[in-house]
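Colleague: Structure supplied as upload_8.cif; contents: mmCIF, C-alpha atoms (C1' of nucleotides).
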data_input
#
loop_
_atom_site.label_atom_id
_atom_site.label_comp_id
_atom_site.auth_asym_id
_atom_site.auth_seq_id
_atom_site.Cartn_x
_atom_site.Cartn_y
_atom_site.Cartn_z
CA MET A 1 -168.52 4.20 -232.67
CA GLN A 2 -165.49 3.92 -230.42
CA GLN A 3 -165.83 0.20 -230.24
CA VAL A 4 -163.40 -1.36 -227.87
CA ASP A 5 -161.59 -3.57 -230.28
CA ALA A 6 -161.06 -1.17 -233.12
CA PRO A 7 -158.63 -3.06 -235.32
CA ARG A 8 -156.13 -0.26 -235.35
CA GLU A 9 -155.73 -0.26 -231.59
CA ARG A 10 -155.61 -4.00 -231.49
CA ILE A 11 -152.74 -3.96 -233.93
CA VAL A 12 -150.78 -1.36 -231.98
CA ALA A 13 -151.30 -3.17 -228.71
CA GLY A 14 -150.32 -6.44 -230.32
CA ALA A 15 -147.20 -4.86 -231.73
CA ALA A 16 -146.20 -3.58 -228.30
CA GLU A 17 -146.71 -7.01 -226.85
CA MET A 18 -144.81 -8.85 -229.55
CA ILE A 19 -141.94 -6.39 -229.44
CA SER A 20 -141.74 -6.73 -225.69
CA ARG A 21 -141.27 -10.46 -226.12
CA ARG A 22 -139.14 -11.04 -229.17
CA GLY A 23 -137.60 -7.66 -229.85
CA LEU A 24 -138.29 -5.35 -232.74
CA ASN A 25 -136.36 -7.18 -235.39
CA ALA A 26 -137.90 -10.56 -234.74
CA THR A 27 -141.39 -9.10 -234.95
CA SER A 28 -142.66 -9.49 -238.49
CA ILE A 29 -145.67 -7.69 -239.81
CA ARG A 30 -147.13 -10.94 -241.02
CA GLU A 31 -147.03 -12.59 -237.67
CA LEU A 32 -148.18 -9.45 -235.99
CA SER A 33 -151.23 -9.31 -238.20
CA LYS A 34 -152.03 -12.90 -237.38
CA HIS A 35 -151.51 -12.31 -233.68
CA ALA A 36 -153.86 -9.31 -233.72
CA HIS A 37 -156.42 -11.15 -235.85
CA ALA A 38 -156.11 -8.48 -238.51
CA PRO A 39 -155.47 -9.12 -242.17
CA LEU A 40 -152.06 -8.25 -243.52
CA GLY A 41 -153.70 -5.94 -246.03
CA SER A 42 -155.34 -3.78 -243.40
CA THR A 43 -152.20 -3.53 -241.35
CA TYR A 44 -150.58 -1.75 -244.27
CA HIS A 45 -153.77 0.19 -244.76
CA TYR A 46 -153.72 1.57 -241.21
CA PHE A 47 -149.97 2.03 -241.07
CA PRO A 48 -148.80 3.17 -244.46
CA GLY A 49 -145.49 4.11 -242.87
CA GLY A 50 -144.77 0.42 -242.57
CA LYS A 51 -142.80 -1.18 -239.81
CA GLY A 52 -141.25 2.06 -238.62
CA GLN A 53 -144.58 3.69 -237.97
CA LEU A 54 -145.84 0.57 -236.27
CA ALA A 55 -142.84 0.47 -233.95
CA THR A 56 -143.19 4.16 -233.14
CA GLU A 57 -146.84 3.86 -232.25
CA ALA A 58 -146.25 0.72 -230.23
CA VAL A 59 -143.57 2.46 -228.18
CA ARG A 60 -145.77 5.46 -227.54
CA PHE A 61 -148.69 3.24 -226.66
CA ALA A 62 -146.74 1.25 -224.10
CA GLY A 63 -145.06 4.38 -222.76
CA GLU A 64 -148.32 6.18 -222.21
CA SER A 65 -149.99 3.23 -220.59
CA VAL A 66 -147.17 2.91 -218.07
CA ALA A 67 -147.13 6.68 -217.53
CA ARG A 68 -150.83 6.64 -216.75
CA SER A 69 -150.38 4.06 -214.04
CA LEU A 70 -147.34 5.93 -212.73
CA ARG A 71 -149.25 9.23 -212.50
CA ARG A 72 -152.09 7.60 -210.63
CA GLU A 73 -149.95 5.77 -208.09
CA LEU A 74 -147.53 8.63 -207.50
CA ARG A 75 -150.40 10.72 -206.20
CA VAL A 76 -150.45 8.75 -202.97
CA GLY A 77 -146.70 9.25 -202.52
CA PRO A 78 -143.31 8.63 -204.09
CA ARG A 79 -142.60 5.43 -202.20
CA GLU A 80 -145.97 3.97 -203.05
CA GLY A 81 -145.68 5.10 -206.65
CA VAL A 82 -142.31 3.49 -207.11
CA ALA A 83 -143.48 0.33 -205.40
CA ALA A 84 -146.40 0.17 -207.82
CA PHE A 85 -144.03 0.81 -210.72
CA LEU A 86 -141.90 -2.13 -209.69
CA ALA A 87 -144.97 -4.29 -209.09
CA LEU A 88 -146.26 -3.50 -212.53
CA TRP A 89 -143.12 -4.81 -214.16
CA ARG A 90 -142.97 -7.72 -211.84
CA ASP A 91 -146.44 -8.76 -212.95
CA ILE A 92 -145.50 -8.48 -216.59
CA VAL A 93 -142.41 -10.59 -216.14
CA THR A 94 -143.96 -13.30 -214.00
CA GLY A 95 -147.31 -13.24 -215.79
CA THR A 96 -145.63 -14.17 -219.04
CA GLY A 97 -143.33 -16.79 -217.60
CA PHE A 98 -140.31 -14.48 -217.97
CA ARG A 99 -140.99 -14.11 -221.67
CA ALA A 100 -141.98 -10.46 -221.95
CA GLY A 101 -140.04 -7.36 -221.02
CA CYS A 102 -140.24 -3.70 -221.93
CA PRO A 103 -140.95 -2.84 -225.56
CA VAL A 104 -139.39 0.59 -225.13
CA LEU A 105 -136.10 -0.92 -224.12
CA ALA A 106 -136.38 -3.40 -226.95
CA VAL A 107 -136.47 -0.75 -229.63
CA ALA A 108 -133.85 1.38 -227.90
CA VAL A 109 -131.43 -1.49 -228.30
CA GLU A 110 -131.19 -1.78 -232.08
CA GLU A 111 -128.58 0.08 -234.02
CA PRO A 112 -129.91 2.93 -236.11
CA PRO A 113 -129.00 2.63 -239.78
CA PRO A 114 -126.06 4.91 -240.51
CA GLY A 115 -126.97 8.53 -240.81
CA ASP A 116 -130.29 9.15 -239.21
CA VAL A 117 -132.08 8.05 -236.08
CA PRO A 118 -135.32 6.20 -236.67
CA GLU A 119 -138.49 7.73 -235.36
CA ALA A 120 -139.16 4.80 -233.04
CA VAL A 121 -135.90 5.39 -231.19
CA LEU A 122 -136.80 9.04 -230.72
CA ALA A 123 -140.14 7.93 -229.33
CA ALA A 124 -138.35 5.62 -226.92
CA ALA A 125 -136.18 8.50 -225.73
CA GLU A 126 -139.27 10.58 -225.08
CA VAL A 127 -140.93 7.81 -223.15
CA PHE A 128 -137.91 7.38 -220.89
CA ALA A 129 -137.72 11.14 -220.34
CA ASP A 130 -141.41 11.23 -219.56
CA TRP A 131 -141.15 8.55 -216.89
CA GLU A 132 -138.12 10.30 -215.40
CA ARG A 133 -139.95 13.60 -215.23
CA LEU A 134 -142.95 12.07 -213.50
CA LEU A 135 -140.75 10.48 -210.87
CA ALA A 136 -138.51 13.50 -210.38
CA ASP A 137 -141.46 15.83 -209.93
CA ALA A 138 -143.02 13.56 -207.34
CA LEU A 139 -139.76 13.32 -205.41
CA ALA A 140 -139.18 17.05 -205.51
CA ALA A 141 -142.75 17.72 -204.43
CA HIS A 142 -142.11 15.67 -201.32
CA GLY A 143 -139.01 17.42 -200.20
CA ALA A 144 -136.14 15.98 -202.18
CA ASP A 145 -133.78 18.56 -203.57
CA GLU A 146 -133.98 19.06 -207.31
CA VAL A 147 -130.65 17.58 -208.31
CA GLN A 148 -131.06 14.50 -206.18
CA ALA A 149 -134.62 14.08 -207.39
CA ALA A 150 -133.47 14.00 -211.00
CA GLN A 151 -130.66 11.60 -210.24
CA ILE A 152 -132.88 9.22 -208.35
CA ALA A 153 -135.57 9.37 -211.01
CA THR A 154 -133.07 8.28 -213.63
CA LEU A 155 -131.74 5.62 -211.31
CA ILE A 156 -135.24 4.23 -210.85
CA VAL A 157 -136.06 4.04 -214.53
CA ALA A 158 -132.68 2.64 -215.46
CA SER A 159 -132.59 0.04 -212.73
CA VAL A 160 -136.10 -1.12 -213.48
CA GLU A 161 -135.33 -1.55 -217.15
CA GLY A 162 -132.14 -3.38 -216.39
CA THR A 163 -133.70 -5.52 -213.72
CA VAL A 164 -136.50 -6.67 -215.97
CA ALA A 165 -133.95 -7.90 -218.47
CA MET A 166 -131.94 -9.61 -215.71
CA CYS A 167 -135.04 -11.35 -214.39
CA ARG A 168 -135.83 -12.63 -217.85
CA ALA A 169 -132.35 -14.04 -218.31
CA GLN A 170 -132.18 -15.61 -214.87
CA ARG A 171 -135.85 -16.69 -214.93
CA ASP A 172 -136.19 -15.45 -211.40
CA THR A 173 -137.56 -12.35 -209.73
CA GLY A 174 -134.70 -12.11 -207.27
CA PRO A 175 -133.15 -9.10 -209.00
CA LEU A 176 -136.45 -7.23 -208.94
CA ASP A 177 -136.91 -7.94 -205.25
CA ARG A 178 -133.43 -6.77 -204.33
CA VAL A 179 -133.74 -3.62 -206.40
CA ALA A 180 -137.18 -2.89 -204.96
CA ALA A 181 -135.88 -3.11 -201.43
CA ARG A 182 -132.91 -0.88 -202.11
CA LEU A 183 -134.80 1.73 -204.08
CA ASP A 184 -137.36 2.07 -201.32
CA ALA A 185 -134.62 2.65 -198.76
CA ILE A 186 -132.98 5.22 -201.01
CA ILE A 187 -136.18 7.14 -201.52
CA ALA A 188 -137.17 7.03 -197.88
CA ALA A 189 -133.82 8.50 -196.91
CA VAL A 190 -134.18 11.47 -199.19
CA LEU A 191 -137.73 12.54 -198.41
CA ARG A 192 -138.46 15.12 -195.78
CA MET B 1 -99.16 -20.80 -232.69
CA GLN B 2 -101.46 -18.68 -230.58
CA GLN B 3 -101.39 -15.91 -233.11
CA VAL B 4 -103.25 -12.84 -232.00
CA ASP B 5 -105.81 -12.73 -234.73
CA ALA B 6 -106.81 -16.33 -234.76
CA PRO B 7 -109.90 -16.36 -236.92
CA ARG B 8 -112.00 -18.01 -234.29
CA GLU B 9 -111.41 -15.28 -231.75
CA ARG B 10 -111.91 -12.60 -234.34
CA ILE B 11 -115.29 -14.06 -235.16
CA VAL B 12 -116.39 -14.26 -231.55
CA ALA B 13 -115.28 -10.72 -230.83
CA GLY B 14 -116.99 -9.51 -233.97
CA ALA B 15 -120.17 -11.30 -232.98
CA ALA B 16 -120.12 -9.60 -229.58
CA GLU B 17 -119.66 -6.25 -231.23
CA MET B 18 -122.36 -6.71 -233.82
CA ILE B 19 -124.84 -8.04 -231.28
CA SER B 20 -124.13 -5.09 -229.02
CA ARG B 21 -125.10 -2.79 -231.86
CA ARG B 22 -127.97 -4.37 -233.72
CA GLY B 23 -129.23 -7.01 -231.36
CA LEU B 24 -129.03 -10.73 -231.77
CA ASN B 25 -131.75 -11.19 -234.33
CA ALA B 26 -130.50 -8.55 -236.70
CA THR B 27 -127.03 -10.05 -236.67
CA SER B 28 -126.71 -12.48 -239.55
CA ILE B 29 -123.94 -14.96 -239.86
CA ARG B 30 -123.25 -13.76 -243.38
CA GLU B 31 -122.69 -10.18 -242.35
CA LEU B 32 -120.79 -11.27 -239.30
CA SER B 33 -118.39 -13.30 -241.42
CA LYS B 34 -117.84 -10.31 -243.64
CA HIS B 35 -117.33 -8.03 -240.68
CA ALA B 36 -114.76 -10.36 -239.16
CA HIS B 37 -113.02 -10.89 -242.51
CA ALA B 38 -113.69 -14.58 -242.26
CA PRO B 39 -115.29 -16.72 -244.92
CA LEU B 40 -118.81 -17.91 -244.31
CA GLY B 41 -117.64 -21.48 -244.69
CA SER B 42 -115.14 -21.27 -241.87
CA THR B 43 -117.61 -19.63 -239.56
CA TYR B 44 -119.69 -22.79 -239.79
CA HIS B 45 -116.54 -24.81 -239.49
CA TYR B 46 -115.55 -23.20 -236.19
CA PHE B 47 -119.07 -23.02 -234.84
CA PRO B 48 -120.92 -26.12 -235.94
CA GLY B 49 -123.60 -25.27 -233.38
CA GLY B 50 -124.63 -22.43 -235.67
CA LYS B 51 -125.99 -19.15 -234.50
CA GLY B 52 -126.85 -20.36 -231.04
CA GLN B 53 -123.31 -21.36 -230.27
CA LEU B 54 -122.00 -18.13 -231.71
CA ALA B 55 -124.33 -16.09 -229.52
CA THR B 56 -123.39 -18.08 -226.44
CA GLU B 57 -119.69 -17.63 -226.98
CA ALA B 58 -120.09 -13.95 -227.76
CA VAL B 59 -121.98 -13.40 -224.51
CA ARG B 60 -119.39 -15.25 -222.49
CA PHE B 61 -116.57 -13.40 -224.24
CA ALA B 62 -118.05 -9.99 -223.50
CA GLY B 63 -118.99 -11.01 -219.98
CA GLU B 64 -115.52 -12.21 -219.14
CA SER B 65 -113.85 -9.18 -220.61
CA VAL B 66 -115.96 -6.86 -218.48
CA ALA B 67 -115.46 -9.08 -215.44
CA ARG B 68 -111.72 -8.89 -215.88
CA SER B 69 -111.76 -5.12 -215.82
CA LEU B 70 -114.14 -5.16 -212.87
CA ARG B 71 -111.91 -7.46 -210.85
CA ARG B 72 -108.90 -5.30 -211.49
CA GLU B 73 -110.51 -2.00 -210.59
CA LEU B 74 -112.38 -3.30 -207.57
CA ARG B 75 -109.07 -4.10 -205.95
CA VAL B 76 -108.46 -0.44 -205.25
CA GLY B 77 -111.90 -0.09 -203.68
CA PRO B 78 -115.62 -0.40 -204.32
CA ARG B 79 -116.17 3.24 -205.18
CA GLU B 80 -113.30 3.25 -207.61
CA GLY B 81 -114.35 -0.06 -209.09
CA VAL B 82 -117.88 1.09 -209.71
CA ALA B 83 -116.66 4.36 -211.15
CA ALA B 84 -114.47 2.44 -213.56
CA PHE B 85 -117.39 0.16 -214.42
CA LEU B 86 -119.50 3.17 -215.32
CA ALA B 87 -116.64 4.75 -217.22
CA LEU B 88 -116.16 1.60 -219.25
CA TRP B 89 -119.72 1.68 -220.47
CA ARG B 90 -119.59 5.37 -220.99
CA ASP B 91 -116.65 4.92 -223.31
CA ILE B 92 -118.42 2.23 -225.27
CA VAL B 93 -121.51 4.33 -225.73
CA THR B 94 -119.79 7.57 -226.65
CA GLY B 95 -117.00 5.88 -228.60
CA THR B 96 -119.53 4.39 -230.97
CA GLY B 97 -121.66 7.47 -231.32
CA PHE B 98 -124.40 5.92 -229.17
CA ARG B 99 -124.63 2.96 -231.49
CA ALA B 100 -123.38 0.13 -229.31
CA GLY B 101 -124.65 -1.12 -226.00
CA CYS B 102 -124.30 -4.33 -224.04
CA PRO B 103 -124.43 -7.60 -225.95
CA VAL B 104 -125.44 -9.49 -222.83
CA LEU B 105 -128.53 -7.36 -222.44
CA ALA B 106 -129.23 -7.72 -226.12
CA VAL B 107 -129.53 -11.48 -226.01
CA ALA B 108 -131.40 -11.42 -222.71
CA VAL B 109 -134.12 -9.47 -224.43
CA GLU B 110 -135.31 -11.94 -227.02
CA GLU B 111 -138.11 -14.34 -226.33
CA PRO B 112 -137.06 -17.94 -225.97
CA PRO B 113 -138.87 -20.27 -228.36
CA PRO B 114 -141.63 -22.04 -226.50
CA GLY B 115 -140.46 -24.86 -224.33
CA ASP B 116 -136.79 -24.48 -223.66
CA VAL B 117 -134.40 -21.68 -222.85
CA PRO B 118 -131.62 -21.20 -225.37
CA GLU B 119 -128.09 -21.65 -224.18
CA ALA B 120 -127.20 -18.04 -224.92
CA VAL B 121 -129.80 -16.78 -222.47
CA LEU B 122 -128.41 -19.05 -219.79
CA ALA B 123 -124.98 -17.65 -220.51
CA ALA B 124 -126.36 -14.12 -220.14
CA ALA B 125 -127.85 -15.04 -216.77
CA GLU B 126 -124.49 -16.36 -215.62
CA VAL B 127 -122.70 -13.22 -216.76
CA PHE B 128 -125.09 -11.00 -214.84
CA ALA B 129 -124.75 -13.18 -211.76
CA ASP B 130 -120.99 -13.08 -212.10
CA TRP B 131 -120.87 -9.29 -212.18
CA GLU B 132 -123.23 -9.10 -209.22
CA ARG B 133 -121.08 -11.46 -207.19
CA LEU B 134 -117.93 -9.48 -207.91
CA LEU B 135 -119.56 -6.27 -206.77
CA ALA B 136 -121.28 -7.76 -203.74
CA ASP B 137 -118.08 -9.35 -202.52
CA ALA B 138 -116.18 -6.10 -202.83
CA LEU B 139 -118.86 -4.21 -200.93
CA ALA B 140 -119.05 -6.80 -198.18
CA ALA B 141 -115.28 -6.84 -197.89
CA HIS B 142 -115.34 -3.14 -197.17
CA GLY B 143 -117.86 -3.21 -194.39
CA ALA B 144 -121.28 -3.33 -196.00
CA ASP B 145 -123.62 -5.87 -194.49
CA GLU B 146 -124.29 -8.90 -196.63
CA VAL B 147 -127.90 -8.24 -197.53
CA GLN B 148 -127.30 -4.63 -198.43
CA ALA B 149 -124.23 -5.60 -200.42
CA ALA B 150 -126.24 -8.03 -202.54
CA GLN B 151 -129.01 -5.51 -203.08
CA ILE B 152 -126.64 -2.77 -204.08
CA ALA B 153 -124.70 -5.05 -206.38
CA THR B 154 -127.87 -5.91 -208.27
CA LEU B 155 -128.85 -2.26 -208.33
CA ILE B 156 -125.52 -1.34 -209.89
CA VAL B 157 -125.66 -3.94 -212.63
CA ALA B 158 -129.30 -3.28 -213.41
CA SER B 159 -129.00 0.47 -213.47
CA VAL B 160 -125.92 0.37 -215.64
CA GLU B 161 -127.61 -1.90 -218.16
CA GLY B 162 -130.69 0.28 -218.20
CA THR B 163 -128.76 3.49 -218.36
CA VAL B 164 -126.74 2.37 -221.34
CA ALA B 165 -129.96 1.72 -223.23
CA MET B 166 -131.38 5.08 -222.16
CA CYS B 167 -128.26 6.89 -223.31
CA ARG B 168 -128.51 5.21 -226.68
CA ALA B 169 -132.12 6.23 -227.13
CA GLN B 170 -131.58 9.80 -225.97
CA ARG B 171 -128.21 10.09 -227.67
CA ASP B 172 -126.86 11.75 -224.57
CA THR B 173 -124.78 10.66 -221.60
CA GLY B 174 -126.92 12.55 -219.11
CA PRO B 175 -128.52 9.40 -217.69
CA LEU B 176 -125.11 7.80 -217.14
CA ASP B 177 -123.85 10.88 -215.36
CA ARG B 178 -126.84 11.09 -213.06
CA VAL B 179 -126.72 7.40 -212.23
CA ALA B 180 -122.98 7.56 -211.61
CA ALA B 181 -123.39 10.39 -209.14
CA ARG B 182 -126.18 8.69 -207.26
CA LEU B 183 -124.53 5.27 -207.15
CA ASP B 184 -121.36 6.75 -205.73
CA ALA B 185 -123.31 8.46 -202.96
CA ILE B 186 -125.18 5.27 -202.18
CA ILE B 187 -122.01 3.23 -201.94
CA ALA B 188 -120.18 5.81 -199.89
CA ALA B 189 -123.02 5.86 -197.39
CA VAL B 190 -122.92 2.13 -196.84
CA LEU B 191 -119.18 1.57 -196.43
CA ARG B 192 -117.60 1.59 -193.06
"C1'" DG C 1 -181.62 1.33 -256.25
"C1'" DG C 2 -177.27 3.01 -257.06
"C1'" DT C 3 -172.77 4.45 -256.05
"C1'" DA C 4 -168.56 5.83 -253.57
"C1'" DG C 5 -165.08 4.73 -250.37
"C1'" DG C 6 -163.06 2.31 -246.64
"C1'" DC C 7 -161.55 -2.28 -245.64
"C1'" DT C 8 -159.92 -7.12 -246.96
"C1'" DA C 9 -157.94 -10.90 -249.59
"C1'" DT C 10 -154.63 -12.54 -252.62
"C1'" DT C 11 -150.61 -12.70 -255.10
"C1'" DA C 12 -146.17 -11.18 -256.53
"C1'" DC C 13 -141.64 -9.07 -256.03
"C1'" DA C 14 -136.91 -9.11 -254.86
"C1'" DG C 15 -134.12 -9.88 -250.98
"C1'" DT C 16 -132.12 -12.15 -246.99
"C1'" DC C 17 -131.99 -15.67 -243.69
"C1'" DG C 18 -129.81 -20.20 -241.43
"C1'" DT C 19 -127.99 -24.19 -242.85
"C1'" DC C 20 -125.80 -27.75 -245.40
"C1'" DA C 21 -123.11 -30.30 -249.01
"C1'" DT C 22 -119.63 -30.55 -251.84
"C1'" DA C 23 -115.56 -29.45 -254.08
"C1'" DG C 24 -111.10 -27.23 -253.89
"C1'" DG C 25 -106.66 -25.93 -251.81
"C1'" DA C 26 -102.78 -25.57 -248.45
"C1'" DG C 27 -99.68 -27.69 -245.20
"C1'" DG C 28 -97.43 -30.95 -242.93
"C1'" DT C 29 -96.00 -36.12 -242.20
"C1'" DC C 30 -94.50 -40.45 -243.81
"C1'" DG D 1 -94.21 -38.34 -254.41
"C1'" DA D 2 -98.46 -39.81 -251.79
"C1'" DC D 3 -101.59 -39.03 -248.28
"C1'" DC D 4 -104.35 -37.04 -244.76
"C1'" DT D 5 -106.22 -33.42 -242.16
"C1'" DC D 6 -107.65 -28.79 -241.60
"C1'" DC D 7 -109.52 -24.78 -243.69
"C1'" DT D 8 -111.90 -22.25 -247.58
"C1'" DA D 9 -115.01 -21.37 -251.57
"C1'" DT D 10 -119.14 -21.82 -253.84
"C1'" DG D 11 -123.67 -22.66 -254.57
"C1'" DA D 12 -127.99 -24.55 -253.38
"C1'" DC D 13 -132.26 -25.40 -250.43
"C1'" DG D 14 -136.52 -23.81 -248.48
"C1'" DA D 15 -138.40 -20.55 -245.59
"C1'" DC D 16 -139.22 -16.01 -244.40
"C1'" DT D 17 -138.98 -10.91 -244.85
"C1'" DG D 18 -141.04 -5.83 -245.99
"C1'" DT D 19 -143.60 -3.91 -249.32
"C1'" DA D 20 -146.71 -3.12 -253.11
"C1'" DA D 21 -150.47 -3.73 -256.46
"C1'" DT D 22 -154.70 -5.46 -257.65
"C1'" DA D 23 -159.21 -6.92 -257.35
"C1'" DG D 24 -163.15 -7.73 -254.50
"C1'" DC D 25 -166.43 -7.08 -250.74
"C1'" DC D 26 -169.43 -4.56 -247.57
"C1'" DT D 27 -171.37 -0.74 -245.62
"C1'" DA D 28 -173.26 4.04 -245.61
"C1'" DC D 29 -175.13 7.65 -247.73
"C1'" DC D 30 -178.01 9.91 -251.58
#
What is this structure when it is put down as structure tokens?

Modeller:
Amino acid sequence: MQQVDAPRERIVAGAAEMISRRGLNATSIRELSKHAHAPLGSTYHYFPGGKGQLATEAVRFAGESVARSLRRELRVGPREGVAAFLALWRDIVTGTGFRAGCPVLAVAVEEPPPGDVPEAVLAAAEVFADWERLLADALAAHGADEVQAAQIATLIVASVEGTVAMCRAQRDTGPLDRVAARLDAIIAAVLR
Amino acid sequence: MQQVDAPRERIVAGAAEMISRRGLNATSIRELSKHAHAPLGSTYHYFPGGKGQLATEAVRFAGESVARSLRRELRVGPREGVAAFLALWRDIVTGTGFRAGCPVLAVAVEEPPPGDVPEAVLAAAEVFADWERLLADALAAHGADEVQAAQIATLIVASVEGTVAMCRAQRDTGPLDRVAARLDAIIAAVLR
DNA sequence: GGTAGGCTATTACAGTCGTCATAGGAGGTC
DNA sequence: GACCTCCTATGACGACTGTAATAGCCTACC
């Protein structure tokens, strides 16, 4: 068992990728099935919750995969961890010819239907909070005071998300480079 | 002439608003016409370029309206200008119950069809660059060195865009507050 | 061999989309 | 009054959407 390309995982990963490129609303289940080489029928079989469930799982999938890399790289130090965080996004943006961004941001940016908040948006909120916590803990563990650590962690996540979008629009990594330089200086100044 | 609610302007403003809520792809011309109290026929009359033209003009409209406020507030000083910039977005987010964000970001986050870059994305790039320039100039004029000014200007725009999306997902202004505090400290430290 | 159950293929549904064409009306100018 | 130009109304088109139901296959166990 546990074969690498279990269709279910392939579909979720494909959903994350497609959402990161075209946004949630432009990602249709039909095209997604084609892109993941899965039949439309089985997509609804694996995700009876429909598009909402698919979006939720895609957000969590992408969030956890970034968090894993963040946890690993933060162990060598906050500055190195943040540099790796930036590099990760830089690779995504350049590796796709400025076509892909962050799927978590993509679902965060669609209006909830009046009344309730869709599950996928809640998942996006959790992912952002998770990344912030990882960063804040690493900063605090290296001598930053708690309040500043939390502020800087939010600043890092927010500026990375924004920068990725700016790079896509401008088709240039200049924004990412400038933000990387400044964030590193900010972190260095606050560590003991 | 020059009546305030010229239908054309109403449509553009409505497009900016709808895009800032639901994203570009989920904004249909039919619903937009209804929302702007304009007939579908006249929407195509005023914007023969179709949805692309509408998106482009909406991005430029929103970009210029933010730039105007930024120019005004930056005249009293960089710290005050940035505080007003943050406050502006804060009002948008809270005033809409966390439903609206930035229309410029929203169009920047949709994959261009293979081959060419749609005009609206180019407009988004220009708007971002415009905001950056305004901020960088103000910082440099108050004693920041040129390179740092450019880096910080990008950091401000990027973190604001990201923070707005985070606030929407988390349905809380905490991220905006933390980023505002940290940005102010960063700017204060770099001014002469 | 037989049978049950998880997966796939196909088709249908009711909507909405962007876009266009065409016909109507309102207003001003000769 | 006639005319011409700008705006509006209506309806049609083909394509696409999310979702569901149905019928078939294929594999694993008894």

Colleague: Could you give me, as a CSV table (one decimal) with C-alpha atoms, keeping the file's coordinate frame, the residues within 9 Å of region 158-161 of chain B, counting only C-alpha atoms (C1' of nucleotides) and dropping anything in the same chain fewer than 3 positions from it?

Modeller:
chain,number,residue,atom,x,y,z
A,154,THR,CA,-133.1,8.3,-213.6
A,155,LEU,CA,-131.7,5.6,-211.3
A,156,ILE,CA,-135.2,4.2,-210.8
A,157,VAL,CA,-136.1,4.0,-214.5
A,158,ALA,CA,-132.7,2.6,-215.5
A,159,SER,CA,-132.6,0.0,-212.7
A,160,VAL,CA,-136.1,-1.1,-213.5
A,161,GLU,CA,-135.3,-1.6,-217.2
A,162,GLY,CA,-132.1,-3.4,-216.4
A,163,THR,CA,-133.7,-5.5,-213.7
A,164,VAL,CA,-136.5,-6.7,-216.0
A,165,ALA,CA,-134.0,-7.9,-218.5
A,166,MET,CA,-131.9,-9.6,-215.7
A,175,PRO,CA,-133.2,-9.1,-209.0
A,179,VAL,CA,-133.7,-3.6,-206.4
B,85,PHE,CA,-117.4,0.2,-214.4
B,86,LEU,CA,-119.5,3.2,-215.3
B,89,TRP,CA,-119.7,1.7,-220.5
B,101,GLY,CA,-124.6,-1.1,-226.0
B,102,CYS,CA,-124.3,-4.3,-224.0
B,105,LEU,CA,-128.5,-7.4,-222.4
B,128,PHE,CA,-125.1,-11.0,-214.8
B,153,ALA,CA,-124.7,-5.0,-206.4
B,154,THR,CA,-127.9,-5.9,-208.3
B,155,LEU,CA,-128.8,-2.3,-208.3
B,164,VAL,CA,-126.7,2.4,-221.3
B,165,ALA,CA,-130.0,1.7,-223.2
B,166,MET,CA,-131.4,5.1,-222.2
B,176,LEU,CA,-125.1,7.8,-217.1
B,179,VAL,CA,-126.7,7.4,-212.2
B,180,ALA,CA,-123.0,7.6,-211.6

Colleague: Kindly give the distance, in Å, that separates CA of Arg10 (chain B) and CA of Val121 (chain B), rounded to a single decimal.

Modeller: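 Spanning CA of Arg10 (chain B) to CA of Val121 (chain B) is a straight-line distance of 21.9 Å.
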
Colleague: Name the residues that the PyMOL selection byres ((chain A) within 10 of (chain D)) pulls out of this structure, and write them as a PDB file with C-alpha atoms, keeping the file's coordinate frame.

Modeller:
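Heads up, here's the output in part38.pdb:
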ATOM      1  CA  SER A  28    -142.660  -9.490-238.490  1.00  0.00           C
ATOM      2  CA  ILE A  29    -145.670  -7.690-239.810  1.00  0.00           C
ATOM      3  CA  ARG A  30    -147.130 -10.940-241.020  1.00  0.00           C
ATOM      4  CA  TYR A  44    -150.580  -1.750-244.270  1.00  0.00           C
ATOM      5  CA  GLY A  50    -144.770   0.420-242.570  1.00  0.00           C
ATOM      6  CA  LYS A  51    -142.800  -1.180-239.810  1.00  0.00           C
TER       7      LYS A  51
END

Colleague: How many Å separate CA of Glu119 (chain B) from CA of Thr56 (chain B)?

Modeller: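 Spanning CA of Glu119 (chain B) to CA of Thr56 (chain B) is a straight-line distance of 6.3 Å.
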
Colleague: Each residue of chain C lying at most 12 Å from chain B should get a row with its shortest atom-to-atom pair and the distance in Å to one decimal, counting all atoms listed in the file; could you produce that, ordered by chain and increasing number, as CSV?

Modeller:
residue,atom,partner,partner_atom,distance
C:DT16,C1',B:Ser28,CA,9.2
C:DC17,C1',B:Ser28,CA,7.4
C:DG18,C1',B:Lys51,CA,8.0
C:DT19,C1',B:Gly50,CA,8.1
C:DC20,C1',B:Tyr44,CA,9.7
C:DA21,C1',B:Gly41,CA,11.2
C:DT22,C1',B:Gly41,CA,11.7

Colleague: Would you list the residues near (-147.7, 5.7, -208.7), meaning any protein, DNA or RNA residue with an atom at most 12 Å from that point in file coordinates, counting only C-alpha atoms (C1' of nucleotides), as a PyMOL selection string?

Modeller: chain A and resi 66-88+131+134-135+137-139

Colleague: Given the file shown, enumerate the residues that the PyMOL selection byres ((chain B and resi 13) around 10) captures and present them as a list in words.

Modeller: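 Checked against the file, the PyMOL selection byres ((chain B and resi 13) around 10) matches Pro7, Arg8, Glu9, Arg10, Ile11, Val12, Gly14, Ala15, Ala16, Glu17, Met18, Ile19, Ala36, Glu57, Ala58, Val59, Phe61 and Ala62 of chain B.
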
Colleague: Between CA of Arg99 (chain B) and CA of Leu122 (chain B), what is the spacing in Å?

Modeller: 25.2 Å
